[in-house]
Amino acid sequence: MALVDRSAAWPWQGDKPVHIPRPDVVPAGFLLPGDPARVDMAASVLEDFVIVGQNREFRMGLGRHNGVTIGVCSTGIGGASTEIVAVELAALGVRAIIRTGGMGAMAADLELGDFVIAQSAIANSACARPYAPGTENVAADPDVVRYLDEARQARGLRGRLGITATADGYYRAQGRPDHRGGDPMPAILDGLAARGADGMEMEAEIIFAVGAALNVKAGAVMAVHAHRRSDGWLEDYEETQRNVVRIGADALVRALGSN
């Protein structure tokens with residue numbers, strides 16, 4: 001039987017990650033959408049875009065923005081798969097990661113199609129706790145936060161800084177009913193809002209926690225796809241998601257230049 005250079009504790013084969021595709025040359029920064037289809041969408045924003053490959057929910061592409069090569073890798077939905085992407089990118093030497101995705105707003109002043117730059121995430125996800133023990137908010141990198149909000153403003157896009165709650169599930173964990181016609185659970189929304197959350201999603205806290213633990217600059221820009229208080233839903237959000245990529249790419253290039 002052939003020997004392989006890996007173990008159960010660190011099951012890489014040499015410099016090949018267990019889960020995510022590995023490009024021949026690894027960019028220093030990555031945008032991290034959840035949906036693999038949004039990796040392909042980045043081709044309409046970035047120049048010279050090529051798909052590297054896909055394994056499970058992890059689809060990866062490379063493109064150029066303002067003369068800088070950046071990566072785009074989907075995380076899939078939720079904390080467990082997001083932790084895999086963040087850790088494996090850090091081990092490949094990536095220095096900056098930015099979540100690009102959607103969120104369900106709770107704050108009354110946020111509207112469908114707004115863009116929220118997360119300053120921090122309240123301590124809510126079990127997947128983040130090994131990297132950020134305790135009950136304090138998990139902060140995004142302050143420079144990345146500033147670059148993201150300046151990029152949003154420069155493009156004339158509505159939104160603001162905010163705080164997110166990262167849920168480990170989509171239905172009950174976010175106060176939704178678990179069957180059609182079921183009763184929602186507004187106490188969950190009220191509890192998260194009372195702790196300062198402007199909205200909720202499923203990945204940002206893990207990205208911030210892993211980034212801080214592994215010395216990777218991390219941030220998140222999210223479009224309001226739904227409003228949990230008004231029950232509004234943004235049906236046509238393709239251009240909104242392109243703007244999420246534009247904001248993230250603008251900020252990522254600046255974050256890499258500041259290192």
# chains A, B, ... in the order shown; residues from 1 in each chain; ligands from 1

$ residues_around --residues "Val216 in chain A" --least-positions-apart "6" --cutoff "9 Å" --atoms "only C-alpha atoms" --output "PyMOL selection string"
chain A and resi 86+90+93-97+141+208+210

$ write_last_selection --atoms "C-alpha atoms" --output "CSV table (one decimal), in the first residue's frame"
chain,number,residue,atom,x,y,z
A,86,ALA,CA,-11.5,29.9,6.3
A,90,ALA,CA,-5.4,30.6,6.0
A,93,GLY,CA,-1.2,31.7,3.1
A,94,VAL,CA,-4.3,33.8,2.4
A,95,ARG,CA,-4.1,37.2,4.2
A,96,ALA,CA,-7.6,38.6,3.8
A,97,ILE,CA,-11.1,37.2,3.5
A,141,ASP,CA,-10.9,43.7,11.1
A,208,PHE,CA,-14.4,36.9,11.9
A,210,VAL,CA,-11.2,32.2,12.4

$ closest_atom_pairs --of "range 50-101 of chain A" --to "range 116-132 of chain A" --cutoff "8 Å" --atoms "only C-alpha atoms" --output "CSV"
residue,atom,partner,partner_atom,distance
A:Gly79,CA,A:Cys127,CA,5.6
A:Ala80,CA,A:Cys127,CA,6.3
A:Glu83,CA,A:Cys127,CA,7.4

$ write_last_selection --atoms "C-alpha atoms" --output "short mmCIF file (atom, residue, chain, number, x, y, z; two decimals), in the first residue's frame"
data_model
loop_
_atom_site.label_atom_id
_atom_site.label_comp_id
_atom_site.auth_asym_id
_atom_site.auth_seq_id
_atom_site.Cartn_x
_atom_site.Cartn_y
_atom_site.Cartn_z
CA GLY A 79 -20.78 27.63 10.07
CA ALA A 80 -19.31 24.15 9.67
CA GLU A 83 -14.91 27.11 9.07
#

$ select_by_dssp --residues "range 12-190 of chain A" --states "strand (DSSP E)" --output "VMD selection string"
chain A and resid 29 to 32 47 to 55 58 to 65 68 to 73 96 to 105 115 to 122 138 to 139 159 to 166

$ select_by_dssp --residues "range 2-227 of chain A" --states "helix (DSSP H, G or I)" --output "ChimeraX atom specification"
/A:37-44,79-91,126-128,142-154,172-174,186-194,204-213

$ residues_around --residues "Val45 in chain A" --least-positions-apart "6" --cutoff "10 Å" --atoms "only C-alpha atoms" --output "PyMOL selection string"
chain A and resi 63-65+242-243+245-246+249

$ decode --residues "range 36-53 of chain A" --atoms "N, CA and C atoms" --output "compact mmCIF listing (two decimals), in the first residue's frame"
# COMPACT_ATOMS: atom_id res chain seq x y z
N PRO A 36 -22.43 28.44 -4.38
CA PRO A 36 -21.47 28.19 -5.45
C PRO A 36 -21.79 28.93 -6.76
N ALA A 37 -23.08 29.15 -7.04
CA ALA A 37 -23.46 29.84 -8.27
C ALA A 37 -22.98 31.29 -8.28
N ARG A 38 -22.79 31.86 -7.12
CA ARG A 38 -22.32 33.25 -7.06
C ARG A 38 -20.83 33.38 -7.36
N VAL A 39 -20.14 32.26 -7.34
CA VAL A 39 -18.75 32.30 -7.80
C VAL A 39 -18.73 32.62 -9.29
N ASP A 40 -19.59 31.96 -10.06
CA ASP A 40 -19.68 32.22 -11.49
C ASP A 40 -20.17 33.64 -11.77
N MET A 41 -21.05 34.16 -10.91
CA MET A 41 -21.56 35.51 -11.07
C MET A 41 -20.42 36.54 -11.01
N ALA A 42 -19.37 36.22 -10.25
CA ALA A 42 -18.25 37.15 -10.12
C ALA A 42 -17.58 37.43 -11.46
N ALA A 43 -17.78 36.55 -12.45
CA ALA A 43 -17.19 36.75 -13.78
C ALA A 43 -17.71 38.02 -14.43
N SER A 44 -18.90 38.49 -14.04
CA SER A 44 -19.46 39.71 -14.61
C SER A 44 -18.90 40.96 -13.95
N VAL A 45 -18.11 40.79 -12.90
CA VAL A 45 -17.53 41.92 -12.17
C VAL A 45 -16.01 41.95 -12.30
N LEU A 46 -15.37 40.79 -12.17
CA LEU A 46 -13.91 40.71 -12.20
C LEU A 46 -13.41 40.46 -13.62
N GLU A 47 -12.20 40.86 -13.89
CA GLU A 47 -11.59 40.66 -15.20
C GLU A 47 -10.85 39.31 -15.24
N ASP A 48 -10.72 38.78 -16.44
CA ASP A 48 -9.93 37.56 -16.68
C ASP A 48 -10.34 36.43 -15.72
N PHE A 49 -11.62 36.26 -15.53
CA PHE A 49 -12.11 35.32 -14.52
C PHE A 49 -12.07 33.89 -15.05
N VAL A 50 -11.54 32.99 -14.24
CA VAL A 50 -11.50 31.58 -14.59
C VAL A 50 -11.93 30.74 -13.38
N ILE A 51 -12.58 29.62 -13.66
CA ILE A 51 -12.96 28.69 -12.60
C ILE A 51 -11.80 27.73 -12.34
N VAL A 52 -11.42 27.61 -11.07
CA VAL A 52 -10.34 26.69 -10.68
C VAL A 52 -10.87 25.28 -10.55
N GLY A 53 -12.04 25.14 -9.93
CA GLY A 53 -12.60 23.81 -9.74
C GLY A 53 -13.66 23.82 -8.65
